[in-house]
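As stored in model_9.cif (mmCIF, C-alpha atoms and all ligand atoms):
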data_protein
#
loop_
_atom_site.label_atom_id
_atom_site.label_comp_id
_atom_site.auth_asym_id
_atom_site.auth_seq_id
_atom_site.Cartn_x
_atom_site.Cartn_y
_atom_site.Cartn_z
CA MET A 966 3.24 22.64 -37.25
CA SER A 967 2.91 19.05 -35.99
CA ARG A 968 1.49 16.37 -38.28
CA ALA A 969 -2.08 15.29 -37.42
CA LEU A 970 -1.71 11.79 -35.98
CA TYR A 971 -5.44 11.41 -35.39
CA ASN A 972 -7.07 11.02 -38.77
CA PRO A 973 -10.74 9.93 -38.65
CA ARG A 974 -11.36 10.73 -42.37
CA GLY A 975 -13.63 8.12 -43.89
CA THR A 976 -14.82 6.83 -40.50
CA THR A 977 -17.92 7.68 -38.45
CA ALA A 978 -17.91 9.43 -35.08
CA VAL A 979 -20.73 9.20 -32.54
CA ILE A 980 -21.04 12.36 -30.44
CA THR A 981 -23.45 12.42 -27.51
CA GLY A 982 -24.72 15.79 -26.31
CA ALA A 983 -24.21 17.26 -29.78
CA SER A 984 -27.01 19.84 -29.48
CA SER A 985 -25.04 22.37 -27.45
CA GLY A 986 -21.72 23.57 -26.04
CA LEU A 987 -18.74 21.23 -26.30
CA GLY A 988 -20.70 18.66 -28.32
CA VAL A 989 -21.24 21.20 -31.12
CA GLY A 990 -17.54 22.06 -30.95
CA TYR A 991 -16.51 18.41 -31.25
CA ALA A 992 -18.93 17.94 -34.16
CA HIS A 993 -17.29 20.82 -36.06
CA GLU A 994 -13.80 19.48 -35.36
CA LEU A 995 -14.62 15.90 -36.41
CA ALA A 996 -16.39 17.15 -39.54
CA ARG A 997 -13.40 19.37 -40.37
CA ARG A 998 -11.20 16.28 -40.09
CA GLY A 999 -13.36 14.41 -42.57
CA ALA A 1000 -15.42 12.07 -40.36
CA ASP A 1001 -19.09 11.37 -40.88
CA LEU A 1002 -21.15 11.91 -37.75
CA VAL A 1003 -23.89 10.44 -35.60
CA LEU A 1004 -25.37 13.26 -33.53
CA VAL A 1005 -27.20 12.29 -30.34
CA ALA A 1006 -29.13 14.45 -27.84
CA ARG A 1007 -32.76 15.16 -26.95
CA ARG A 1008 -33.27 18.40 -28.92
CA GLN A 1009 -33.82 17.07 -32.43
CA GLU A 1010 -34.25 20.43 -34.17
CA ARG A 1011 -30.83 21.61 -32.96
CA LEU A 1012 -29.18 18.39 -34.16
CA GLU A 1013 -30.85 18.74 -37.56
CA ALA A 1014 -29.73 22.37 -37.90
CA LEU A 1015 -26.17 21.33 -37.01
CA ALA A 1016 -26.28 18.50 -39.57
CA VAL A 1017 -27.31 20.97 -42.31
CA ASP A 1018 -24.59 23.42 -41.29
CA LEU A 1019 -21.86 20.73 -41.33
CA ALA A 1020 -23.06 19.38 -44.68
CA GLU A 1021 -22.75 22.87 -46.19
CA ARG A 1022 -19.36 23.64 -44.64
CA PHE A 1023 -17.59 20.29 -44.94
CA GLY A 1024 -19.83 17.97 -46.99
CA THR A 1025 -20.36 15.89 -43.83
CA VAL A 1026 -22.92 13.10 -43.78
CA SER A 1027 -24.64 13.28 -40.37
CA THR A 1028 -27.16 10.90 -38.89
CA VAL A 1029 -29.41 12.54 -36.30
CA ILE A 1030 -30.61 10.30 -33.47
CA PRO A 1031 -32.78 12.16 -30.95
CA LEU A 1032 -32.65 10.27 -27.68
CA ASP A 1033 -32.94 10.77 -23.94
CA LEU A 1034 -29.90 8.84 -22.73
CA THR A 1035 -31.25 8.65 -19.17
CA ALA A 1036 -34.03 6.30 -20.33
CA PRO A 1037 -33.27 2.73 -19.21
CA ASP A 1038 -33.10 1.20 -22.72
CA ALA A 1039 -31.69 4.24 -24.50
CA VAL A 1040 -28.19 2.91 -25.15
CA ALA A 1041 -29.49 -0.45 -26.37
CA GLU A 1042 -31.83 1.48 -28.71
CA LEU A 1043 -28.96 3.63 -29.98
CA VAL A 1044 -26.72 0.62 -30.62
CA ALA A 1045 -29.57 -1.23 -32.40
CA ASP A 1046 -30.17 1.86 -34.53
CA LEU A 1047 -26.48 2.06 -35.49
CA THR A 1048 -26.46 -1.65 -36.32
CA SER A 1049 -29.64 -1.48 -38.42
CA ARG A 1050 -28.17 1.43 -40.42
CA SER A 1051 -24.86 -0.51 -40.77
CA ILE A 1052 -22.86 2.35 -39.27
CA PRO A 1053 -19.46 1.12 -38.02
CA VAL A 1054 -18.15 3.58 -35.44
CA GLY A 1055 -14.51 4.73 -35.42
CA THR A 1056 -14.75 7.47 -32.80
CA LEU A 1057 -16.97 7.78 -29.75
CA ILE A 1058 -17.22 11.08 -27.90
CA ASN A 1059 -19.12 10.53 -24.66
CA ASN A 1060 -19.87 14.18 -24.06
CA ALA A 1061 -23.51 14.36 -22.85
CA GLY A 1062 -23.65 15.24 -19.18
CA PHE A 1063 -25.12 17.65 -16.67
CA GLY A 1064 -24.57 18.86 -13.14
CA THR A 1065 -26.70 19.82 -10.16
CA ILE A 1066 -25.86 22.50 -7.61
CA GLY A 1067 -27.07 22.38 -4.01
CA ASP A 1068 -26.52 20.59 -0.75
CA PHE A 1069 -27.20 16.91 -1.38
CA VAL A 1070 -29.95 16.72 1.24
CA ASP A 1071 -31.95 19.43 -0.56
CA THR A 1072 -31.60 18.14 -4.13
CA ASP A 1073 -34.21 16.26 -6.12
CA PRO A 1074 -33.37 12.54 -5.89
CA GLU A 1075 -34.81 11.82 -9.35
CA ARG A 1076 -32.55 14.44 -10.88
CA GLN A 1077 -29.52 12.99 -9.10
CA VAL A 1078 -30.35 9.50 -10.40
CA ALA A 1079 -30.81 10.87 -13.93
CA GLN A 1080 -27.42 12.57 -13.59
CA LEU A 1081 -25.80 9.26 -12.70
CA ARG A 1082 -27.65 7.49 -15.51
CA LEU A 1083 -26.32 9.98 -18.05
CA ASN A 1084 -22.84 10.85 -16.73
CA VAL A 1085 -21.93 7.32 -15.62
CA LEU A 1086 -24.21 4.54 -16.85
CA ALA A 1087 -24.93 5.65 -20.43
CA LEU A 1088 -21.23 6.47 -20.92
CA THR A 1089 -20.20 3.05 -19.61
CA GLU A 1090 -22.81 1.09 -21.57
CA LEU A 1091 -22.10 2.92 -24.80
CA THR A 1092 -18.35 2.47 -24.39
CA HIS A 1093 -18.81 -1.24 -23.78
CA ALA A 1094 -21.07 -1.66 -26.81
CA LEU A 1095 -18.87 0.30 -29.24
CA LEU A 1096 -15.38 -0.52 -27.94
CA PRO A 1097 -14.88 -3.68 -30.05
CA GLY A 1098 -15.64 -1.66 -33.21
CA LEU A 1099 -13.32 1.17 -32.12
CA ILE A 1100 -10.52 -1.33 -31.50
CA ALA A 1101 -11.16 -2.98 -34.87
CA THR A 1102 -10.89 0.41 -36.61
CA ALA A 1103 -7.71 1.28 -34.68
CA THR A 1104 -6.15 -2.04 -35.64
CA ARG A 1105 -7.11 -1.71 -39.32
CA GLN A 1106 -6.20 1.96 -39.75
CA SER A 1107 -3.54 3.47 -37.52
CA GLY A 1108 -4.62 6.77 -35.90
CA ALA A 1109 -8.20 6.55 -37.18
CA ALA A 1110 -10.02 5.62 -33.96
CA ALA A 1111 -10.59 7.39 -30.64
CA LEU A 1112 -12.62 7.21 -27.46
CA VAL A 1113 -13.04 10.60 -25.75
CA ASN A 1114 -14.87 10.79 -22.43
CA LEU A 1115 -15.77 14.14 -20.89
CA ALA A 1116 -14.70 14.21 -17.27
CA SER A 1117 -13.97 17.52 -15.50
CA THR A 1118 -11.58 19.13 -13.02
CA ALA A 1119 -14.35 18.16 -10.58
CA ALA A 1120 -12.94 14.62 -10.96
CA PHE A 1121 -9.85 15.47 -8.90
CA GLN A 1122 -11.52 16.21 -5.55
CA PRO A 1123 -14.90 16.05 -3.90
CA VAL A 1124 -16.95 19.21 -4.58
CA PRO A 1125 -19.36 20.18 -1.80
CA HIS A 1126 -22.69 21.52 -3.23
CA MET A 1127 -22.02 19.46 -6.37
CA SER A 1128 -21.32 16.15 -4.66
CA VAL A 1129 -22.96 13.72 -7.09
CA TYR A 1130 -21.65 15.53 -10.17
CA ALA A 1131 -18.05 15.50 -8.86
CA ALA A 1132 -18.33 11.83 -7.92
CA SER A 1133 -19.70 11.01 -11.37
CA LYS A 1134 -16.74 12.73 -13.02
CA ALA A 1135 -14.26 10.98 -10.69
CA TYR A 1136 -15.79 7.77 -12.03
CA VAL A 1137 -15.39 8.91 -15.65
CA LEU A 1138 -11.73 9.76 -15.10
CA SER A 1139 -10.91 6.52 -13.28
CA PHE A 1140 -12.82 4.37 -15.78
CA THR A 1141 -11.24 6.06 -18.79
CA GLU A 1142 -7.70 5.76 -17.47
CA SER A 1143 -8.19 2.01 -16.97
CA VAL A 1144 -9.59 1.58 -20.48
CA TRP A 1145 -6.65 3.63 -21.81
CA PHE A 1146 -4.27 1.15 -20.19
CA GLU A 1147 -6.19 -1.95 -21.26
CA THR A 1148 -6.39 -0.89 -24.92
CA ARG A 1149 -2.80 0.42 -25.27
CA PRO A 1150 -1.66 -2.46 -27.51
CA THR A 1151 -4.49 -1.79 -29.98
CA GLY A 1152 -3.49 1.76 -30.96
CA LEU A 1153 -6.91 3.13 -29.95
CA LYS A 1154 -6.60 6.70 -28.68
CA VAL A 1155 -8.40 6.92 -25.31
CA LEU A 1156 -8.67 10.25 -23.54
CA ALA A 1157 -10.49 11.69 -20.51
CA VAL A 1158 -10.92 15.42 -21.06
CA CYS A 1159 -10.97 17.46 -17.84
CA PRO A 1160 -11.94 21.09 -18.41
CA GLY A 1161 -12.72 23.58 -15.65
CA PHE A 1162 -15.62 25.96 -16.27
CA VAL A 1163 -16.49 26.40 -19.95
CA HIS A 1164 -18.80 28.95 -21.61
CA THR A 1165 -21.69 26.60 -22.49
CA GLU A 1166 -25.24 25.95 -21.27
CA PHE A 1167 -23.82 23.73 -18.51
CA ALA A 1168 -23.96 26.36 -15.72
CA ALA A 1169 -27.54 27.38 -16.51
CA VAL A 1170 -28.66 23.73 -16.53
CA ALA A 1171 -26.87 23.15 -13.20
CA GLY A 1172 -28.49 26.25 -11.66
CA SER A 1173 -25.55 28.64 -11.70
CA THR A 1174 -23.80 31.25 -13.84
CA VAL A 1175 -20.58 30.92 -15.87
CA PRO A 1176 -17.61 32.58 -14.12
CA LYS A 1177 -15.67 35.20 -16.10
CA ARG A 1178 -12.50 33.09 -16.12
CA ALA A 1179 -14.28 30.18 -17.87
CA LEU A 1180 -12.62 28.52 -20.86
CA THR A 1181 -14.01 28.88 -24.36
CA VAL A 1182 -15.37 25.87 -26.23
CA GLU A 1183 -12.69 26.47 -28.89
CA ARG A 1184 -9.92 26.15 -26.29
CA VAL A 1185 -11.23 22.80 -25.03
CA ILE A 1186 -11.64 21.46 -28.57
CA SER A 1187 -8.19 22.58 -29.74
CA SER A 1188 -6.56 21.09 -26.62
CA THR A 1189 -8.41 17.81 -27.21
CA SER A 1190 -7.29 17.80 -30.84
CA ALA A 1191 -3.68 18.43 -29.87
CA ALA A 1192 -3.80 15.54 -27.36
CA LEU A 1193 -5.28 13.20 -30.00
CA ASP A 1194 -2.58 14.26 -32.45
CA ARG A 1195 0.20 13.23 -30.07
CA PRO A 1196 1.94 9.95 -31.01
CA ARG A 1197 1.09 8.68 -27.52
CA THR A 1198 -2.20 10.22 -26.51
CA PRO A 1199 -2.15 10.61 -22.70
CA PRO A 1200 -4.97 9.07 -20.64
CA LYS A 1201 -6.16 12.46 -19.40
CA LEU A 1202 -6.08 16.07 -20.44
CA ILE A 1203 -6.55 18.94 -18.00
CA VAL A 1204 -7.41 22.05 -19.98
CA GLY A 1205 -5.83 25.31 -18.77
CA SER A 1206 -2.69 25.91 -16.68
CA ARG A 1207 -4.63 27.22 -13.66
CA ASN A 1208 -6.79 24.08 -13.70
CA THR A 1209 -3.67 21.91 -13.95
CA VAL A 1210 -2.21 23.58 -10.82
CA LEU A 1211 -5.50 23.26 -8.89
CA ALA A 1212 -5.90 19.58 -9.84
CA GLY A 1213 -2.33 18.87 -8.72
CA ALA A 1214 -2.81 20.76 -5.45
CA ALA A 1215 -6.01 18.81 -4.71
CA VAL A 1216 -4.02 15.58 -4.66
CA ILE A 1217 -1.48 16.73 -2.06
CA ALA A 1218 -3.34 19.27 0.13
CA PRO A 1219 -5.15 18.23 3.35
CA ILE A 1220 -8.76 17.22 2.63
CA ARG A 1221 -10.31 20.00 4.77
CA VAL A 1222 -8.40 22.62 2.78
CA VAL A 1223 -9.38 20.93 -0.48
CA LEU A 1224 -13.06 20.77 0.48
CA THR A 1225 -13.13 24.40 1.62
CA ALA A 1226 -11.54 25.61 -1.62
CA ALA A 1227 -13.72 23.37 -3.83
CA SER A 1228 -16.92 24.46 -2.06
CA ARG A 1229 -16.25 28.08 -3.13
CA ARG A 1230 -15.64 27.33 -6.77
CA HIS A 1231 -19.17 27.78 -8.18
N1 LIG A 1301 -19.26 23.61 -19.18
C1 LIG A 1301 -18.48 23.29 -18.16
O1 LIG A 1301 -18.17 24.14 -17.30
C2 LIG A 1301 -17.93 21.89 -18.06
C3 LIG A 1301 -16.77 21.69 -17.29
C4 LIG A 1301 -16.25 20.41 -17.19
C5 LIG A 1301 -16.87 19.36 -17.84
N2 LIG A 1301 -17.99 19.58 -18.57
C6 LIG A 1301 -18.62 18.41 -19.20
O2 LIG A 1301 -18.67 18.62 -20.60
C7 LIG A 1301 -19.75 17.88 -21.16
C8 LIG A 1301 -20.52 18.78 -22.12
O3 LIG A 1301 -21.15 19.80 -21.39
P1 LIG A 1301 -21.35 21.29 -21.94
O4 LIG A 1301 -20.51 22.16 -21.09
O5 LIG A 1301 -21.20 21.33 -23.40
O6 LIG A 1301 -22.86 21.52 -21.49
P2 LIG A 1301 -24.19 21.81 -22.32
O7 LIG A 1301 -23.99 22.98 -23.22
O8 LIG A 1301 -25.27 21.89 -21.29
O9 LIG A 1301 -24.37 20.50 -23.20
C9 LIG A 1301 -24.79 19.27 -22.65
C10 LIG A 1301 -25.24 18.33 -23.76
O10 LIG A 1301 -25.70 17.11 -23.15
C11 LIG A 1301 -26.96 16.79 -23.71
N3 LIG A 1301 -27.81 16.07 -22.78
C12 LIG A 1301 -28.23 16.50 -21.55
N4 LIG A 1301 -29.08 15.61 -21.02
C13 LIG A 1301 -29.22 14.61 -21.94
C14 LIG A 1301 -29.99 13.42 -21.98
N5 LIG A 1301 -30.81 13.07 -20.97
N6 LIG A 1301 -29.91 12.61 -23.08
C15 LIG A 1301 -29.10 12.97 -24.11
N7 LIG A 1301 -28.35 14.09 -24.13
C16 LIG A 1301 -28.42 14.90 -23.05
C17 LIG A 1301 -27.58 18.14 -24.06
O11 LIG A 1301 -28.54 17.97 -25.11
P3 LIG A 1301 -30.14 17.98 -24.94
O12 LIG A 1301 -30.48 18.93 -23.83
O13 LIG A 1301 -30.61 18.42 -26.28
O14 LIG A 1301 -30.49 16.57 -24.64
C18 LIG A 1301 -26.37 18.90 -24.57
O15 LIG A 1301 -26.18 18.61 -25.94
C19 LIG A 1301 -20.57 17.36 -19.97
O16 LIG A 1301 -20.27 16.01 -19.75
C20 LIG A 1301 -20.07 18.20 -18.81
O17 LIG A 1301 -20.20 17.53 -17.58
C21 LIG A 1301 -18.52 20.81 -18.71
#

Mind turning the file's structure into structure tokens?
Amino acid sequence: MSRALYNPRGTTAVITGASSGLGVGYAHELARRGADLVLVARRQERLEALAVDLAERFGTVSTVIPLDLTAPDAVAELVADLTSRSIPVGTLINNAGFGTIGDFVDTDPERQVAQLRLNVLALTELTHALLPGLIATATRQSGAAALVNLASTAAFQPVPHMSVYAASKAYVLSFTESVWFETRPTGLKVLAVCPGFVHTEFAAVAGSTVPKRALTVERVISSTSAALDRPRTPPKLIVGSRNTVLAGAAVIAPIRVVLTAASRRH
């Protein structure tokens, strides 16, 4: 078995979207590895129940911060809250996100803007605010700090009927890869996670159903963990061999073929 090279024990991890799906999975994994947690999402009762569960299982100290990250001042509020509680952050998991299915012309413009606020703006603002602290932790304690941004296989090609979502995830992937490069000398582990469909509430929120071949939350979390445990964490992780093949094909196939295939995927 390989030695765990990501060791956040004794540090604090902020996880956005911790009330459901992958966010709950990441919370369990970080707690298992000995980190304290800051759990952020809108549904406070779910975050509180998770905090109790993790305290019982792992002795984790969790701080629950209920917040709508699409609100204009939400990230500033979150950062002020962390500062006032003197919580230095060693890991940031920008996981909160949602999608919208439908032809762009028919979709609700307010929902599309909220999607961009959450998937793109909140992720960028929060990364910018917490990055100096993450770098400081990485410099002080080798292998203790990480930035994980949830992208998607939707990042690798346009996706008709999910146009804004796919574009938002292309942003997350591009942004994260640049930050990975810029912070290489610091030892900070920076990773864009690109799953395909996962069994979570995501599909229901987007207005769809989860396909049978969807990944489990456990698979995405264990793949993320393995990538963080590598001596040189790669800038991106595509979860699942089928998804890896499809993402590779999207780069080389003619755009009409790519668009036709992608439009049938949900
Ligand atoms: N599931 C998939 O098929 C899939 C595939 C590729 C990538 N992803 C990405 O994985 C990430 C996690 O999604 P998931 O699959 O775990 O979906 P999920 O079960 O729907 O979880 C989404 C999380 O985001 C939070 N969230 C939504 N709107 C928010 C807001 N305005 N402010 C704060 N938090 C908000 C939700 O909490 P509240 O509702 O309590 O606020 C929830 O905790 C997302 O970025 C998604 O794009 C998912």

Self-check item: Nearest to ligand LIG 1301 (chain A), chosen from A:Leu1032, A:Val1003, A:Leu1088, A:Ile1052, with only C-alpha atoms and all ligand atoms counted in the distances
Solution: A:Leu1032

Quiz item: Do you have the atom CA of A:Val1044-atom CA of A:Leu1095 distance handy?
Solution: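 Going from atom CA of A:Val1044 over to atom CA of A:Leu1095, I get 8.0 Å.
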
Quiz item: Between A:Gly1108, A:Gly982, A:Pro1176, A:Gly1024, which one has atoms that come closest to ligand LIG 1301 (chain A), using all atoms listed in the file?
Solution: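 Ranking A:Gly1108, A:Gly982, A:Pro1176, A:Gly1024 by distance to ligand LIG 1301 (chain A), first place goes to A:Gly982.
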
Quiz item: Of the candidates A:Val1054, A:Val1204, A:Ala1135, A:Ala1087, which one gets nearest to A:Thr1102 if we count all atoms listed in the file?
Solution: A:Val1054

Test item: residues lying within 7 Å of ligand LIG 1301 (chain A) with all atoms listed in the file, as a compact mmCIF listing (two decimals) with C-alpha atoms, in the frame of the given file:
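Contents of out_29.txt, freshly written:
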# COMPACT_ATOMS: atom_id res chain seq x y z
CA THR A 981 -23.45 12.42 -27.51
CA GLY A 982 -24.72 15.79 -26.31
CA ALA A 983 -24.21 17.26 -29.78
CA SER A 984 -27.01 19.84 -29.48
CA SER A 985 -25.04 22.37 -27.45
CA GLY A 986 -21.72 23.57 -26.04
CA LEU A 987 -18.74 21.23 -26.30
CA GLY A 988 -20.70 18.66 -28.32
CA VAL A 1005 -27.20 12.29 -30.34
CA ALA A 1006 -29.13 14.45 -27.84
CA ARG A 1007 -32.76 15.16 -26.95
CA ARG A 1008 -33.27 18.40 -28.92
CA LEU A 1032 -32.65 10.27 -27.68
CA ASP A 1033 -32.94 10.77 -23.94
CA LEU A 1034 -29.90 8.84 -22.73
CA THR A 1035 -31.25 8.65 -19.17
CA ASN A 1060 -19.87 14.18 -24.06
CA ALA A 1061 -23.51 14.36 -22.85
CA GLY A 1062 -23.65 15.24 -19.18
CA PHE A 1063 -25.12 17.65 -16.67
CA GLY A 1064 -24.57 18.86 -13.14
CA LEU A 1083 -26.32 9.98 -18.05
CA ASN A 1084 -22.84 10.85 -16.73
CA LEU A 1115 -15.77 14.14 -20.89
CA ALA A 1116 -14.70 14.21 -17.27
CA SER A 1117 -13.97 17.52 -15.50
CA THR A 1118 -11.58 19.13 -13.02
CA CYS A 1159 -10.97 17.46 -17.84
CA PRO A 1160 -11.94 21.09 -18.41
CA GLY A 1161 -12.72 23.58 -15.65
CA PHE A 1162 -15.62 25.96 -16.27
CA VAL A 1163 -16.49 26.40 -19.95
CA HIS A 1164 -18.80 28.95 -21.61
CA THR A 1165 -21.69 26.60 -22.49
CA GLU A 1166 -25.24 25.95 -21.27
CA PHE A 1167 -23.82 23.73 -18.51
CA ALA A 1168 -23.96 26.36 -15.72
CA VAL A 1170 -28.66 23.73 -16.53

Take stretch 1068-1078 of chain A, model all heavy atoms, and hand the result over as a PDB file, keeping the file's coordinate frame.
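Final output, selection.pdb:
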ATOM      1  N   ASP A1068     -26.881  21.590  -1.750  1.00  0.00           N
ATOM      2  CA  ASP A1068     -26.520  20.590  -0.750  1.00  0.00           C
ATOM      3  C   ASP A1068     -27.286  19.307  -1.068  1.00  0.00           C
ATOM      4  O   ASP A1068     -28.490  19.354  -1.367  1.00  0.00           O
ATOM      5  CB  ASP A1068     -26.864  21.085   0.651  1.00  0.00           C
ATOM      6  CG  ASP A1068     -25.891  22.174   1.094  1.00  0.00           C
ATOM      7  OD1 ASP A1068     -24.944  22.460   0.338  1.00  0.00           O
ATOM      8  OD2 ASP A1068     -26.092  22.731   2.179  1.00  0.00           O
ATOM      9  N   PHE A1069     -26.611  18.195  -0.962  1.00  0.00           N
ATOM     10  CA  PHE A1069     -27.200  16.910  -1.380  1.00  0.00           C
ATOM     11  C   PHE A1069     -28.573  16.675  -0.757  1.00  0.00           C
ATOM     12  O   PHE A1069     -29.509  16.244  -1.433  1.00  0.00           O
ATOM     13  CB  PHE A1069     -26.234  15.776  -1.032  1.00  0.00           C
ATOM     14  CG  PHE A1069     -26.756  14.424  -1.430  1.00  0.00           C
ATOM     15  CD1 PHE A1069     -26.958  14.106  -2.759  1.00  0.00           C
ATOM     16  CD2 PHE A1069     -27.069  13.479  -0.459  1.00  0.00           C
ATOM     17  CE1 PHE A1069     -27.469  12.870  -3.137  1.00  0.00           C
ATOM     18  CE2 PHE A1069     -27.577  12.237  -0.828  1.00  0.00           C
ATOM     19  CZ  PHE A1069     -27.774  11.935  -2.167  1.00  0.00           C
ATOM     20  N   VAL A1070     -28.702  16.994   0.520  1.00  0.00           N
ATOM     21  CA  VAL A1070     -29.950  16.720   1.240  1.00  0.00           C
ATOM     22  C   VAL A1070     -31.137  17.467   0.628  1.00  0.00           C
ATOM     23  O   VAL A1070     -32.278  17.012   0.722  1.00  0.00           O
ATOM     24  CB  VAL A1070     -29.783  17.061   2.754  1.00  0.00           C
ATOM     25  CG1 VAL A1070     -29.675  18.565   2.972  1.00  0.00           C
ATOM     26  CG2 VAL A1070     -30.908  16.465   3.589  1.00  0.00           C
ATOM     27  N   ASP A1071     -30.861  18.606  -0.011  1.00  0.00           N
ATOM     28  CA  ASP A1071     -31.950  19.430  -0.560  1.00  0.00           C
ATOM     29  C   ASP A1071     -32.240  19.133  -2.032  1.00  0.00           C
ATOM     30  O   ASP A1071     -33.174  19.702  -2.594  1.00  0.00           O
ATOM     31  CB  ASP A1071     -31.562  20.918  -0.463  1.00  0.00           C
ATOM     32  CG  ASP A1071     -31.329  21.353   0.963  1.00  0.00           C
ATOM     33  OD1 ASP A1071     -32.037  20.837   1.851  1.00  0.00           O
ATOM     34  OD2 ASP A1071     -30.434  22.195   1.185  1.00  0.00           O
ATOM     35  N   THR A1072     -31.423  18.312  -2.673  1.00  0.00           N
ATOM     36  CA  THR A1072     -31.600  18.140  -4.130  1.00  0.00           C
ATOM     37  C   THR A1072     -32.659  17.085  -4.442  1.00  0.00           C
ATOM     38  O   THR A1072     -32.984  16.237  -3.606  1.00  0.00           O
ATOM     39  CB  THR A1072     -30.263  17.735  -4.802  1.00  0.00           C
ATOM     40  OG1 THR A1072     -29.728  16.609  -4.121  1.00  0.00           O
ATOM     41  CG2 THR A1072     -29.272  18.873  -4.792  1.00  0.00           C
ATOM     42  N   ASP A1073     -33.162  17.172  -5.662  1.00  0.00           N
ATOM     43  CA  ASP A1073     -34.210  16.260  -6.120  1.00  0.00           C
ATOM     44  C   ASP A1073     -33.582  14.885  -6.408  1.00  0.00           C
ATOM     45  O   ASP A1073     -32.706  14.778  -7.273  1.00  0.00           O
ATOM     46  CB  ASP A1073     -34.815  16.867  -7.397  1.00  0.00           C
ATOM     47  CG  ASP A1073     -35.787  15.929  -8.094  1.00  0.00           C
ATOM     48  OD1 ASP A1073     -36.071  14.846  -7.533  1.00  0.00           O
ATOM     49  OD2 ASP A1073     -36.246  16.276  -9.198  1.00  0.00           O
ATOM     50  N   PRO A1074     -34.008  13.841  -5.689  1.00  0.00           N
ATOM     51  CA  PRO A1074     -33.370  12.540  -5.890  1.00  0.00           C
ATOM     52  C   PRO A1074     -33.511  12.011  -7.317  1.00  0.00           C
ATOM     53  O   PRO A1074     -32.602  11.361  -7.837  1.00  0.00           O
ATOM     54  CB  PRO A1074     -34.069  11.627  -4.877  1.00  0.00           C
ATOM     55  CG  PRO A1074     -35.294  12.338  -4.451  1.00  0.00           C
ATOM     56  CD  PRO A1074     -35.062  13.797  -4.675  1.00  0.00           C
ATOM     57  N   GLU A1075     -34.630  12.309  -7.963  1.00  0.00           N
ATOM     58  CA  GLU A1075     -34.810  11.820  -9.350  1.00  0.00           C
ATOM     59  C   GLU A1075     -33.802  12.467 -10.289  1.00  0.00           C
ATOM     60  O   GLU A1075     -33.260  11.828 -11.194  1.00  0.00           O
ATOM     61  CB  GLU A1075     -36.220  12.127  -9.842  1.00  0.00           C
ATOM     62  CG  GLU A1075     -37.222  11.108  -9.348  1.00  0.00           C
ATOM     63  CD  GLU A1075     -38.618  11.382  -9.850  1.00  0.00           C
ATOM     64  OE1 GLU A1075     -38.777  12.023 -10.905  1.00  0.00           O
ATOM     65  OE2 GLU A1075     -39.553  10.953  -9.151  1.00  0.00           O
ATOM     66  N   ARG A1076     -33.538  13.735 -10.045  1.00  0.00           N
ATOM     67  CA  ARG A1076     -32.550  14.440 -10.880  1.00  0.00           C
ATOM     68  C   ARG A1076     -31.150  13.866 -10.642  1.00  0.00           C
ATOM     69  O   ARG A1076     -30.368  13.705 -11.571  1.00  0.00           O
ATOM     70  CB  ARG A1076     -32.596  15.935 -10.563  1.00  0.00           C
ATOM     71  CG  ARG A1076     -31.682  16.752 -11.446  1.00  0.00           C
ATOM     72  CD  ARG A1076     -31.771  18.237 -11.126  1.00  0.00           C
ATOM     73  NE  ARG A1076     -30.608  18.922 -11.647  1.00  0.00           N
ATOM     74  CZ  ARG A1076     -30.573  19.649 -12.763  1.00  0.00           C
ATOM     75  NH1 ARG A1076     -31.663  19.808 -13.460  1.00  0.00           N
ATOM     76  NH2 ARG A1076     -29.457  20.217 -13.166  1.00  0.00           N
ATOM     77  N   GLN A1077     -30.849  13.553  -9.387  1.00  0.00           N
ATOM     78  CA  GLN A1077     -29.520  12.990  -9.100  1.00  0.00           C
ATOM     79  C   GLN A1077     -29.355  11.617  -9.768  1.00  0.00           C
ATOM     80  O   GLN A1077     -28.287  11.303 -10.298  1.00  0.00           O
ATOM     81  CB  GLN A1077     -29.311  12.855  -7.579  1.00  0.00           C
ATOM     82  CG  GLN A1077     -29.300  14.184  -6.830  1.00  0.00           C
ATOM     83  CD  GLN A1077     -28.039  15.017  -7.070  1.00  0.00           C
ATOM     84  OE1 GLN A1077     -27.373  14.873  -8.085  1.00  0.00           O
ATOM     85  NE2 GLN A1077     -27.722  15.899  -6.147  1.00  0.00           N
ATOM     86  N   VAL A1078     -30.426  10.824  -9.747  1.00  0.00           N
ATOM     87  CA  VAL A1078     -30.350   9.500 -10.400  1.00  0.00           C
ATOM     88  C   VAL A1078     -30.192   9.674 -11.912  1.00  0.00           C
ATOM     89  O   VAL A1078     -29.384   8.986 -12.544  1.00  0.00           O
ATOM     90  CB  VAL A1078     -31.595   8.646 -10.045  1.00  0.00           C
ATOM     91  CG1 VAL A1078     -31.669   7.398 -10.924  1.00  0.00           C
ATOM     92  CG2 VAL A1078     -31.558   8.253  -8.574  1.00  0.00           C
TER      93      VAL A1078
END
